[in-house]
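> Have a peek at protein03.cif (mmCIF, C-alpha atoms and all ligand atoms).
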```
data_coords
#
loop_
_atom_site.label_atom_id
_atom_site.label_comp_id
_atom_site.auth_asym_id
_atom_site.auth_seq_id
_atom_site.Cartn_x
_atom_site.Cartn_y
_atom_site.Cartn_z
CA MET Z 1 86.76 133.01 74.44
CA VAL Z 2 86.58 133.57 78.20
CA GLU Z 3 89.65 132.43 80.08
CA LYS Z 4 88.95 129.59 82.52
CA VAL Z 5 89.37 130.83 86.09
CA ILE Z 6 89.07 129.12 89.41
CA PRO Z 7 85.94 130.66 90.90
CA ILE Z 8 86.22 132.51 94.16
CA ARG Z 9 83.97 130.86 96.68
CA LEU Z 10 84.71 130.62 100.30
CA ASP Z 11 85.09 127.19 101.79
CA GLU Z 12 83.86 126.40 105.28
CA GLY Z 13 85.49 128.58 107.90
CA LYS Z 14 87.60 130.49 105.37
CA GLY Z 15 85.79 133.86 105.46
CA LEU Z 16 86.88 136.78 107.58
CA LYS Z 17 85.94 136.21 111.17
CA PRO Z 18 83.44 138.82 112.39
CA SER Z 19 84.50 140.26 115.72
CA ILE Z 20 82.13 140.55 118.67
CA PRO Z 21 83.00 143.62 120.77
CA GLY Z 22 83.72 143.09 124.48
CA GLN Z 23 81.16 145.75 125.44
CA LEU Z 24 77.82 144.86 123.84
CA MET Z 25 75.51 147.63 122.64
CA ALA Z 26 71.74 147.28 122.80
CA MET Z 27 69.83 146.12 119.72
CA ASN Z 28 67.79 148.77 117.91
CA THR Z 29 70.96 150.77 117.43
CA SER Z 30 71.49 152.29 114.01
CA THR Z 31 75.08 152.24 112.87
CA GLN Z 32 77.15 154.12 110.29
CA ASP Z 33 80.26 153.07 108.38
CA THR Z 34 83.52 155.03 108.17
CA ARG Z 35 81.99 157.20 105.41
CA GLY Z 36 78.86 158.04 107.41
CA ARG Z 37 76.61 155.64 105.46
CA PRO Z 38 73.85 153.88 107.46
CA LEU Z 39 72.86 150.25 106.89
CA ARG Z 40 69.41 150.24 105.25
CA ASP Z 41 69.14 147.46 102.68
CA LEU Z 42 70.09 143.86 102.53
CA ARG Z 43 70.34 141.61 99.48
CA ILE Z 44 70.12 137.94 100.22
CA SER Z 45 71.27 135.38 97.69
CA VAL Z 46 69.15 132.26 98.20
CA THR Z 47 70.87 130.06 95.62
CA ASP Z 48 74.07 130.11 93.58
CA ARG Z 49 72.41 128.13 90.79
CA CYS Z 50 70.65 129.37 87.69
CA ASN Z 51 68.89 127.96 84.64
CA PHE Z 52 70.37 130.75 82.44
CA ARG Z 53 74.00 131.22 81.47
CA CYS Z 54 73.97 134.97 80.79
CA THR Z 55 77.33 135.67 79.23
CA TYR Z 56 77.92 138.69 81.48
CA CYS Z 57 77.12 136.79 84.70
CA MET Z 58 77.51 132.99 84.52
CA PRO Z 59 79.38 132.25 81.28
CA LYS Z 60 78.98 128.63 80.20
CA GLU Z 61 82.69 128.02 79.92
CA ILE Z 62 83.08 128.54 83.67
CA PHE Z 63 79.68 127.62 85.09
CA ASP Z 64 79.73 124.16 83.53
CA LYS Z 65 78.92 120.73 84.99
CA ASP Z 66 82.18 120.72 86.95
CA TYR Z 67 81.50 124.03 88.69
CA PRO Z 68 81.62 123.55 92.48
CA TYR Z 69 78.13 124.72 93.41
CA LEU Z 70 77.30 124.81 97.09
CA SER Z 71 75.80 121.70 98.62
CA HIS Z 72 72.52 121.87 100.51
CA ASP Z 73 74.05 121.90 104.00
CA GLU Z 74 76.35 124.79 102.99
CA LEU Z 75 73.34 127.01 102.30
CA LEU Z 76 71.78 129.11 105.01
CA SER Z 77 68.51 127.47 106.03
CA PHE Z 78 65.26 129.45 105.98
CA GLU Z 79 65.42 129.63 109.79
CA GLU Z 80 68.95 131.03 109.63
CA ILE Z 81 68.03 133.58 106.94
CA THR Z 82 65.00 134.65 108.98
CA ARG Z 83 67.01 134.96 112.19
CA LEU Z 84 69.70 137.01 110.48
CA THR Z 85 67.14 139.23 108.73
CA THR Z 86 65.35 139.86 112.04
CA ILE Z 87 68.65 140.99 113.54
CA PHE Z 88 69.42 143.21 110.53
CA ALA Z 89 65.93 144.73 110.80
CA SER Z 90 66.61 145.58 114.44
CA LEU Z 91 69.67 147.53 113.23
CA GLY Z 92 67.73 149.73 110.81
CA VAL Z 93 67.41 147.59 107.65
CA GLU Z 94 64.08 148.31 105.96
CA LYS Z 95 64.41 146.71 102.56
CA ILE Z 96 65.20 143.11 101.62
CA ARG Z 97 65.86 141.88 98.10
CA LEU Z 98 65.98 138.15 97.45
CA THR Z 99 68.27 137.29 94.61
CA GLY Z 100 70.81 134.73 93.43
CA GLY Z 101 71.50 132.89 91.05
CA GLU Z 102 67.88 132.45 90.12
CA PRO Z 103 65.97 132.82 93.40
CA LEU Z 104 62.85 131.06 92.12
CA LEU Z 105 64.91 127.87 91.82
CA ARG Z 106 65.26 127.67 95.63
CA LYS Z 107 62.85 125.00 96.74
CA ASN Z 108 59.86 126.25 98.77
CA LEU Z 109 60.96 129.86 98.51
CA GLU Z 110 57.40 130.92 99.35
CA VAL Z 111 57.88 129.48 102.84
CA LEU Z 112 60.88 131.77 103.36
CA ILE Z 113 58.90 134.74 102.07
CA GLU Z 114 56.10 133.99 104.55
CA MET Z 115 58.66 133.91 107.36
CA LEU Z 116 60.30 137.19 106.26
CA ALA Z 117 56.95 138.92 105.79
CA LYS Z 118 56.36 138.67 109.57
CA ILE Z 119 59.50 140.64 110.47
CA ARG Z 120 59.06 144.27 111.55
CA THR Z 121 61.37 147.25 111.13
CA THR Z 122 62.43 149.44 114.05
CA ALA Z 123 59.43 151.66 113.13
CA ASP Z 124 57.19 148.58 113.56
CA GLN Z 125 56.46 148.39 109.83
CA PRO Z 126 56.73 145.32 107.60
CA LEU Z 127 59.98 145.08 105.64
CA ASP Z 128 59.88 146.14 102.00
CA LEU Z 129 60.20 142.64 100.56
CA THR Z 130 61.28 142.35 96.96
CA LEU Z 131 62.86 139.86 94.56
CA THR Z 132 64.82 139.92 91.29
CA THR Z 133 64.19 137.10 88.82
CA ASN Z 134 64.96 136.16 85.24
CA GLY Z 135 61.21 135.55 84.89
CA SER Z 136 61.58 132.08 83.41
CA ILE Z 137 59.27 130.35 85.90
CA LEU Z 138 57.26 133.36 86.99
CA ARG Z 139 54.11 132.13 85.24
CA LYS Z 140 54.16 129.16 87.63
CA LYS Z 141 55.14 131.12 90.72
CA ALA Z 142 53.56 134.59 90.59
CA VAL Z 143 50.35 133.78 92.49
CA SER Z 144 52.09 131.85 95.28
CA LEU Z 145 54.76 134.56 95.68
CA LYS Z 146 52.08 137.21 96.07
CA ALA Z 147 50.11 135.05 98.52
CA ALA Z 148 53.26 134.46 100.58
CA GLY Z 149 53.65 138.21 101.11
CA LEU Z 150 56.19 139.34 98.50
CA HIS Z 151 55.63 143.05 97.86
CA ARG Z 152 57.53 143.83 94.69
CA LEU Z 153 59.23 142.15 91.75
CA THR Z 154 61.99 143.06 89.31
CA ILE Z 155 62.35 141.00 86.16
CA SER Z 156 65.51 140.94 84.05
CA LEU Z 157 65.13 141.08 80.27
CA ASP Z 158 67.89 142.16 77.89
CA GLY Z 159 65.94 142.62 74.66
CA LEU Z 160 62.87 141.72 72.62
CA ASN Z 161 64.70 140.14 69.72
CA ASP Z 162 64.81 136.39 70.27
CA ASP Z 163 68.18 135.88 68.59
CA ILE Z 164 69.83 138.56 70.71
CA PHE Z 165 68.16 137.46 73.94
CA LYS Z 166 68.98 133.81 73.36
CA LYS Z 167 72.58 134.71 72.64
CA MET Z 168 72.72 136.60 75.94
CA ASN Z 169 71.00 133.99 78.14
CA ASP Z 170 72.94 131.27 76.25
CA VAL Z 171 70.37 128.55 76.99
CA ASP Z 172 68.03 129.31 74.08
CA PHE Z 173 65.34 130.76 76.35
CA PRO Z 174 62.68 132.68 74.37
CA VAL Z 175 61.61 136.28 75.03
CA ALA Z 176 57.92 135.32 74.87
CA ASP Z 177 58.15 133.22 78.04
CA VAL Z 178 59.69 136.09 80.04
CA LEU Z 179 57.00 138.46 78.74
CA ASP Z 180 54.42 135.88 79.79
CA GLY Z 181 56.02 135.79 83.26
CA ILE Z 182 55.66 139.58 83.46
CA ALA Z 183 52.00 139.27 82.43
CA ALA Z 184 51.50 136.60 85.11
CA ALA Z 185 52.99 138.91 87.75
CA LYS Z 186 50.56 141.65 86.75
CA GLU Z 187 47.64 139.25 86.84
CA ALA Z 188 48.71 138.10 90.31
CA GLY Z 189 48.40 141.71 91.51
CA PHE Z 190 52.02 142.89 91.59
CA ALA Z 191 52.03 146.63 90.98
CA ASN Z 192 54.98 148.84 90.00
CA LEU Z 193 56.86 146.05 88.25
CA LYS Z 194 60.40 146.83 87.17
CA VAL Z 195 62.30 145.35 84.25
CA ASN Z 196 66.11 145.46 84.25
CA MET Z 197 68.01 145.47 80.98
CA VAL Z 198 71.79 145.12 81.09
CA VAL Z 199 73.14 147.05 78.12
CA LYS Z 200 76.24 145.62 76.46
CA LYS Z 201 77.54 147.83 73.70
CA GLY Z 202 77.67 145.96 70.41
CA THR Z 203 75.59 143.09 71.80
CA ASN Z 204 72.10 144.38 72.64
CA ASP Z 205 72.22 148.18 72.43
CA GLN Z 206 70.09 148.02 69.27
CA GLU Z 207 67.29 146.76 71.56
CA ILE Z 208 67.11 149.95 73.64
CA ILE Z 209 64.46 151.77 71.63
CA GLY Z 210 62.34 148.65 71.08
CA MET Z 211 62.37 147.94 74.82
CA ALA Z 212 61.49 151.57 75.65
CA LYS Z 213 58.61 151.49 73.17
CA HIS Z 214 57.33 148.15 74.46
CA PHE Z 215 57.17 149.15 78.13
CA LYS Z 216 56.23 152.83 77.64
CA GLY Z 217 52.71 153.36 78.96
CA SER Z 218 52.49 149.81 80.36
CA GLY Z 219 52.93 150.72 84.02
CA VAL Z 220 56.21 148.74 84.07
CA THR Z 221 59.37 150.76 84.79
CA LEU Z 222 62.21 149.83 82.47
CA ARG Z 223 65.70 150.33 83.91
CA PHE Z 224 68.90 150.28 81.92
CA ILE Z 225 71.95 148.89 83.72
CA GLU Z 226 75.49 149.60 82.64
CA PHE Z 227 77.45 146.39 82.05
CA MET Z 228 79.62 146.02 85.16
CA ASP Z 229 82.94 144.36 85.94
CA VAL Z 230 81.45 142.15 88.66
CA GLY Z 231 83.14 138.84 89.33
CA SER Z 232 86.25 137.62 87.60
CA SER Z 233 84.79 135.64 84.74
CA ASN Z 234 82.70 137.82 82.44
CA GLY Z 235 85.54 139.24 80.35
CA TRP Z 236 84.50 142.83 81.12
CA ASP Z 237 86.18 145.74 79.49
CA MET Z 238 85.23 149.39 79.24
CA THR Z 239 84.65 149.24 75.48
CA GLN Z 240 81.51 147.15 76.10
CA VAL Z 241 79.97 149.74 78.42
CA LEU Z 242 77.40 152.08 76.89
CA PRO Z 243 77.16 155.05 79.28
CA SER Z 244 73.63 155.71 80.58
CA GLN Z 245 73.82 159.25 79.24
CA GLU Z 246 74.08 157.83 75.72
CA VAL Z 247 71.14 155.52 76.34
CA ALA Z 248 69.13 158.51 77.61
CA ASP Z 249 70.14 160.57 74.54
CA ARG Z 250 69.02 157.83 72.18
CA ILE Z 251 65.65 157.52 73.89
CA ASN Z 252 65.20 161.27 74.20
CA ALA Z 253 65.70 161.66 70.45
CA ILE Z 254 62.59 159.56 69.86
CA PHE Z 255 60.56 159.75 73.06
CA PRO Z 256 61.41 163.00 74.91
CA ILE Z 257 62.26 162.47 78.59
CA GLU Z 258 63.20 164.60 81.61
CA PRO Z 259 64.92 163.76 84.93
CA MET Z 260 62.90 163.26 88.12
CA GLU Z 261 63.67 163.51 91.83
CA ALA Z 262 64.87 160.37 93.62
CA ASN Z 263 62.25 158.55 95.72
CA TYR Z 264 64.59 158.36 98.71
CA PRO Z 265 68.27 159.01 99.51
CA GLY Z 266 70.48 156.20 98.27
CA GLU Z 267 68.18 155.13 95.42
CA VAL Z 268 70.50 153.51 92.89
CA ALA Z 269 68.47 154.18 89.75
CA GLN Z 270 68.28 157.70 88.37
CA ARG Z 271 64.64 158.30 87.47
CA TRP Z 272 63.46 159.95 84.25
CA ARG Z 273 59.93 160.36 82.90
CA TYR Z 274 58.42 160.61 79.44
CA LEU Z 275 57.25 164.15 78.71
CA ASP Z 276 53.99 162.80 77.30
CA GLY Z 277 53.09 161.39 80.73
CA SER Z 278 53.38 157.73 79.73
CA GLY Z 279 55.51 156.66 82.66
CA GLU Z 280 59.12 156.55 83.81
CA ILE Z 281 62.38 154.81 83.09
CA GLY Z 282 65.52 154.40 85.18
CA PHE Z 283 69.27 154.24 84.74
CA ILE Z 284 71.67 152.32 86.94
CA SER Z 285 75.03 153.81 86.06
CA SER Z 286 77.44 151.98 88.32
CA VAL Z 287 80.34 152.57 85.93
CA THR Z 288 79.96 156.14 84.67
CA GLN Z 289 78.05 157.84 87.52
CA THR Z 290 78.97 156.12 90.73
CA PHE Z 291 76.77 156.20 93.80
CA CYS Z 292 79.09 154.75 96.46
CA HIS Z 293 78.76 157.88 98.61
CA GLU Z 294 75.20 156.90 99.45
CA CYS Z 295 75.47 153.11 99.31
CA THR Z 296 73.54 151.71 102.27
CA ARG Z 297 73.54 148.10 101.10
CA ALA Z 298 74.95 144.88 102.51
CA ARG Z 299 74.81 141.45 100.89
CA ILE Z 300 74.51 137.96 102.30
CA SER Z 301 75.85 135.20 100.08
CA THR Z 302 74.07 131.89 99.66
CA ASP Z 303 76.33 130.38 102.31
CA GLY Z 304 75.99 133.16 104.85
CA GLN Z 305 78.99 135.41 104.20
CA LEU Z 306 78.35 139.11 104.72
CA TYR Z 307 79.73 141.24 101.87
CA LEU Z 308 80.00 144.98 102.29
CA CYS Z 309 80.38 145.73 98.57
CA LEU Z 310 79.37 144.07 95.31
CA PHE Z 311 83.01 144.16 94.28
CA ALA Z 312 84.51 142.83 97.50
CA ASN Z 313 86.82 139.86 97.33
CA GLU Z 314 86.20 138.72 100.90
CA GLY Z 315 83.15 138.25 103.06
CA PHE Z 316 82.58 137.92 106.80
CA ASP Z 317 81.58 134.44 107.84
CA PHE Z 318 78.27 134.88 109.64
CA LYS Z 319 77.15 131.31 108.98
CA THR Z 320 79.74 129.94 111.40
CA LEU Z 321 78.68 132.57 113.93
CA LEU Z 322 75.00 131.65 113.51
CA ARG Z 323 75.84 127.98 114.03
CA SER Z 324 78.09 128.59 117.04
CA GLY Z 325 75.41 129.19 119.66
CA ARG Z 326 75.97 132.96 119.86
CA SER Z 327 73.03 135.10 121.01
CA ASP Z 328 71.13 137.51 118.75
CA LEU Z 329 72.66 140.38 120.71
CA GLU Z 330 76.18 139.09 120.03
CA ILE Z 331 75.44 138.63 116.33
CA ALA Z 332 73.88 142.12 116.15
CA ASN Z 333 77.04 143.55 117.69
CA ALA Z 334 79.21 141.64 115.24
CA ILE Z 335 77.17 143.13 112.36
CA MET Z 336 77.44 146.62 113.86
CA SER Z 337 81.19 146.42 114.27
CA THR Z 338 81.65 144.94 110.77
CA TRP Z 339 79.56 147.74 109.24
CA ALA Z 340 81.30 150.38 111.37
CA GLY Z 341 84.62 149.36 109.80
CA ARG Z 342 83.31 149.53 106.22
CA SER Z 343 85.10 151.88 103.86
CA ASP Z 344 84.26 150.28 100.47
CA HIS Z 345 83.77 152.58 97.50
CA TYR Z 346 84.93 150.41 94.63
CA SER Z 347 83.06 152.15 91.81
CA GLU Z 348 84.67 155.46 92.68
CA ILE Z 349 88.16 154.00 92.37
CA ARG Z 350 87.49 151.44 89.62
CA GLY Z 351 89.56 153.37 87.08
CA SER Z 352 92.66 153.03 89.20
CA ASN Z 353 92.73 149.25 89.08
CA THR Z 354 90.56 147.63 86.45
CA ILE Z 355 89.88 149.86 83.49
CA GLY Z 356 90.81 147.98 80.37
CA SER Z 357 91.39 144.74 82.20
CA ASN Z 358 89.57 142.57 84.67
CA SER Z 359 92.56 141.85 86.77
CA SER Z 360 91.44 141.90 90.39
CA ARG Z 361 89.75 138.76 91.80
CA LYS Z 362 86.23 139.42 92.99
CA VAL Z 363 83.34 137.17 94.00
CA GLU Z 364 80.85 136.16 91.35
CA MET Z 365 77.53 138.01 91.21
CA SER Z 366 75.56 134.77 91.12
CA TYR Z 367 77.03 133.92 94.54
CA ILE Z 368 76.38 137.18 96.39
CA GLY Z 369 73.43 138.34 94.28
CA GLY Z 370 73.11 141.42 92.09
N1 LIG Z 401 68.77 135.64 88.19
C1 LIG Z 401 68.10 136.82 88.60
C2 LIG Z 401 68.03 137.81 87.45
O1 LIG Z 401 68.74 137.65 86.47
O2 LIG Z 401 67.25 138.74 87.57
C3 LIG Z 401 68.68 137.47 89.83
C4 LIG Z 401 70.17 137.51 89.98
S1 LIG Z 401 71.03 138.51 88.77
C5 LIG Z 401 72.70 138.31 89.31
C6 LIG Z 401 70.56 140.15 89.29
C7 LIG Z 401 70.74 141.24 88.27
O3 LIG Z 401 72.12 141.43 88.02
C8 LIG Z 401 70.09 140.97 86.92
O4 LIG Z 401 69.25 142.06 86.58
C9 LIG Z 401 71.27 140.90 86.00
O5 LIG Z 401 70.94 141.33 84.71
C10 LIG Z 401 72.29 141.78 86.67
N2 LIG Z 401 73.67 141.52 86.27
C11 LIG Z 401 74.32 140.33 86.30
N3 LIG Z 401 75.60 140.48 85.85
C12 LIG Z 401 75.75 141.80 85.55
C13 LIG Z 401 76.82 142.60 85.04
N4 LIG Z 401 78.00 142.07 84.75
N5 LIG Z 401 76.61 143.92 84.87
C14 LIG Z 401 75.42 144.48 85.16
N6 LIG Z 401 74.37 143.79 85.64
C15 LIG Z 401 74.52 142.46 85.82
FE1 LIG Z 402 71.22 133.75 85.99
FE2 LIG Z 402 70.44 136.18 86.61
FE3 LIG Z 402 73.03 135.67 86.27
FE4 LIG Z 402 71.45 135.62 84.16
S1 LIG Z 402 71.89 137.41 85.45
S2 LIG Z 402 72.97 134.07 84.69
S3 LIG Z 402 69.57 134.87 85.01
S4 LIG Z 402 71.76 134.86 87.87
FE1 LIG Z 403 78.15 150.15 97.09
FE2 LIG Z 403 80.41 148.89 96.46
FE3 LIG Z 403 78.62 149.46 94.56
FE4 LIG Z 403 80.05 151.43 95.67
S1 LIG Z 403 80.83 149.76 94.43
S2 LIG Z 403 77.83 151.45 95.27
S3 LIG Z 403 80.20 150.67 97.79
S4 LIG Z 403 78.32 148.07 96.30
#
```
Would you encode the structure as structure tokens?
Ligand code: SAM
Ligand code: SF4
Ligand code: SF4

Amino acid sequence: MVEKVIPIRLDEGKGLKPSIPGQLMAMNTSTQDTRGRPLRDLRISVTDRCNFRCTYCMPKEIFDKDYPYLSHDELLSFEEITRLTTIFASLGVEKIRLTGGEPLLRKNLEVLIEMLAKIRTTADQPLDLTLTTNGSILRKKAVSLKAAGLHRLTISLDGLNDDIFKKMNDVDFPVADVLDGIAAAKEAGFANLKVNMVVKKGTNDQEIIGMAKHFKGSGVTLRFIEFMDVGSSNGWDMTQVLPSQEVADRINAIFPIEPMEANYPGEVAQRWRYLDGSGEIGFISSVTQTFCHECTRARISTDGQLYLCLFANEGFDFKTLLRSGRSDLEIANAIMSTWAGRSDHYSEIRGSNTIGSNSSRKVEMSYIGG
């Protein structure tokens, strides 16, 4: 039984106030944090709602009918998201991931994608525009997402066994419909699809080999994610984490694999390939092999708070700034000075405050996006 907690969500005007320096620097300035990490990717949560109740993310007991979801006017509008993204792009951001909650539940999301697809990086290239979804309504949406200009898609799927998957999504959603969503994405022309599987020891680790076998040779890259202690409500403890190395060992015993080079610095997934040439798999090992030292990622919550770390317990209130008549240059400078002060490296110090418990209060993943 998960203990009932009061969710952390920032009410209007309660976030940290971003500071605008007296001396403004020009846009197109790249900035580094206190650990020398540049700002390169931005995850934008477009809704805090979801049609699943994955036990590790939005457990039913907490995300029930009384949960205080954000109201429409609390959300950043498409114009506000586009303005903010344009400013982030001018500061060196190249990659945008839309997430949530379930991003495909945000009404007219394709309109936002069309707006974001027009933004250019400092190298005058389009942004790398991608989205993570539970796949439940992908069959309906795949063609329109592609037409709107979305480049890439990641679909979450925690197993092929219906009983196990239904127990994890906790809304009785069948595996077949997610697989059909993946097929629809392929038909719509999305290449290099990725599938994310959160591995919870004792819950779905028996699905690892079946998942590997299913996606091997399909052109879809399967990535195994270690169950993380995000938020304050998923009852995390270390005994439910299956280290990626063990997942790799289990796969290697049946389908031999070898490590590959990263695509780019800061790539979160470690890449491996099958020795028989039938494709690659990935491991996201946020618990056992931390990658904070090259974390170049910021997150914008559904209501416009800037979070510098997935495990932060406070965000910087950029929504109020956006709605206060400040110029793009002033907002860009506020982002630069916020990033310049960043020292977060939670995964590297996790052991010192949460191992064995889930004591510290952190924002929920469905609110800032995974
Ligand atoms: N609803 C979409 C989905 O499920 O793909 C997007 C949002 S979801 C928060 C993004 C990713 O975070 C999913 O792949 C999900 O499996 C992962 N995730 C959520 N809670 C997690 C946890 N406690 N540990 C590891 N991954 C988690
Ligand atoms: Fe919803 Fe995604 Fe969280 Fe599952 S992981 S509850 S699908 S937001
Ligand atoms: Fe980045 Fe925070 Fe995750 Fe470390 S713990 S990789 S700083 S988001």
> Mind listing the residues within 8 Å of ligand LIG 402 (chain Z), only C-alpha atoms and all ligand atoms counted, as a list in words?
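Protein and nucleic-acid residues within 8 Å of ligand LIG 402 (chain Z): Asp48, Arg49, Cys50, Asn51, Phe52, Arg53, Cys54, Thr55, Tyr56, Cys57, Met58, Pro59, Thr99, Gly100, Gly101, Glu102, Thr133, Asn134, Ser156, Asn169, Met365, Ser366, Gly369 and Gly370 of chain Z.
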> Using Å and a single decimal, report how far CA of Phe165 in chain Z sits from CA of Ser278 in chain Z.
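Going from CA of Ser278 in chain Z over to CA of Phe165 in chain Z, I get 25.7 Å.
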> Counting all atoms listed in the file, which residue out of Z:Asn204, Z:Asn333, Z:Thr34, Z:Ser71 sits closest to ligand LIG 403 (chain Z)?
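Answer, going by the shortest atom-to-atom distance: Z:Thr34.
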> Just checking: using only C-alpha atoms, which residue out of Z:Glu80, Z:Asp276, Z:Glu267, Z:Asp172 ends up closest to Leu321 in chain Z?
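Using only C-alpha atoms, Leu321 in chain Z sits closest to Z:Glu80.
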> Show me the residues close to (62.6, 143.8, 106.7) - anything with an atom within 12 Å, counting all atoms listed in the file - and format the list as a PyMOL selection string.
chain Z and resi 40-44+81-98+113-130+149-151
> Within 9 Å of ligand LIG 403 (chain Z), which residues of chain Z show up? Give each one with its shortest atom-to-atom distance in Å (one decimal) and the two atoms involved, counting all atoms listed in the file, rows by chain then rising residue number, as a tab-separated table.

```
residue	atom	partner	partner_atom	distance
Z:Val268	CA	Z:LIG403	S2	8.0
Z:Ser286	CA	Z:LIG403	FE3	6.8
Z:Val287	CA	Z:LIG403	S1	9.0
Z:Thr290	CA	Z:LIG403	S2	6.6
Z:Phe291	CA	Z:LIG403	S2	5.1
Z:Cys292	CA	Z:LIG403	FE4	3.5
Z:His293	CA	Z:LIG403	FE4	7.2
Z:Glu294	CA	Z:LIG403	S2	7.4
Z:Cys295	CA	Z:LIG403	FE1	4.6
Z:Thr296	CA	Z:LIG403	FE1	7.1
Z:Arg297	CA	Z:LIG403	FE1	6.4
Z:Ala298	CA	Z:LIG403	S4	7.8
Z:Arg299	CA	Z:LIG403	S4	8.8
Z:Tyr307	CA	Z:LIG403	S4	8.9
Z:Leu308	CA	Z:LIG403	S4	6.9
Z:Cys309	CA	Z:LIG403	FE2	3.8
Z:Leu310	CA	Z:LIG403	S4	4.3
Z:Phe311	CA	Z:LIG403	FE2	5.8
Z:Ala312	CA	Z:LIG403	FE2	7.4
Z:Ser343	CA	Z:LIG403	S3	7.9
Z:Asp344	CA	Z:LIG403	S3	4.9
Z:His345	CA	Z:LIG403	S3	4.1
Z:Tyr346	CA	Z:LIG403	S1	4.2
Z:Ser347	CA	Z:LIG403	S1	4.2
Z:Glu348	CA	Z:LIG403	FE4	6.8
Z:Ile349	CA	Z:LIG403	S1	8.7
Z:Arg350	CA	Z:LIG403	S1	8.4
```
> Rank nothing, just name the residue among Z:Val198, Z:Leu222, Z:Val241, Z:Ile209 nearest to ligand LIG 401 (chain Z), using only C-alpha atoms and all ligand atoms.
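Of Z:Val198, Z:Leu222, Z:Val241, Z:Ile209, the one nearest ligand LIG 401 (chain Z) is Z:Val198, counting only C-alpha atoms and all ligand atoms.
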> Between CA of Val111 in chain Z and CA of Phe78 in chain Z, measure the distance and give it in Å to one decimal.
8.0 Å
> What is the CA of Pro259 in chain Z-CA of Thr221 in chain Z distance in Å, reported with one decimal?
14.1 Å
> Calculated over all atoms listed in the file, which of the candidates Z:Ala332, Z:Val46, Z:Leu160, Z:Ala248 has the smallest distance to ligand LIG 401 (chain Z)?
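Nearest candidate to ligand LIG 401 (chain Z) out of Z:Ala332, Z:Val46, Z:Leu160, Z:Ala248: Z:Val46.
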> Would you kindly return, as a list in words, each protein, DNA or RNA residue with an atom no farther than 9 Å from any atom of Lys319 in chain Z, considering only C-alpha atoms and excluding same-chain residues fewer than 2 positions away?
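Once the adjacent positions are removed, what remains is Gly13, Glu74, Leu75, Leu76, Glu80, Asp303, Gly304, Gln305, Leu306, Phe316, Asp317, Leu321, Leu322, Arg323 and Ser324 of chain Z.
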> Just the residues within 12 Å of Ala269 in chain Z, please, counting all atoms listed in the file, with nothing from its chain fewer than 4 positions along; format it as a list in words.
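The contact residues come out as Lys194, Asn196, Thr221, Leu222, Arg223, Phe224, Ile225, Glu226, Ser244, Pro259, Met260, Glu261, Ala262, Asn263, Tyr264, Pro265, Glu280, Ile281, Gly282, Phe283, Ile284, Ser285, Ser286, Gln289, Thr290, Phe291 and Cys295 of chain Z.
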> With distances taken over only C-alpha atoms and all ligand atoms, which residue among Z:Ser77, Z:Ser301, Z:Gln23, Z:Asn252 lies nearest ligand LIG 401 (chain Z)?
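The answer is Z:Ser301, which sits nearest to ligand LIG 401 (chain Z).
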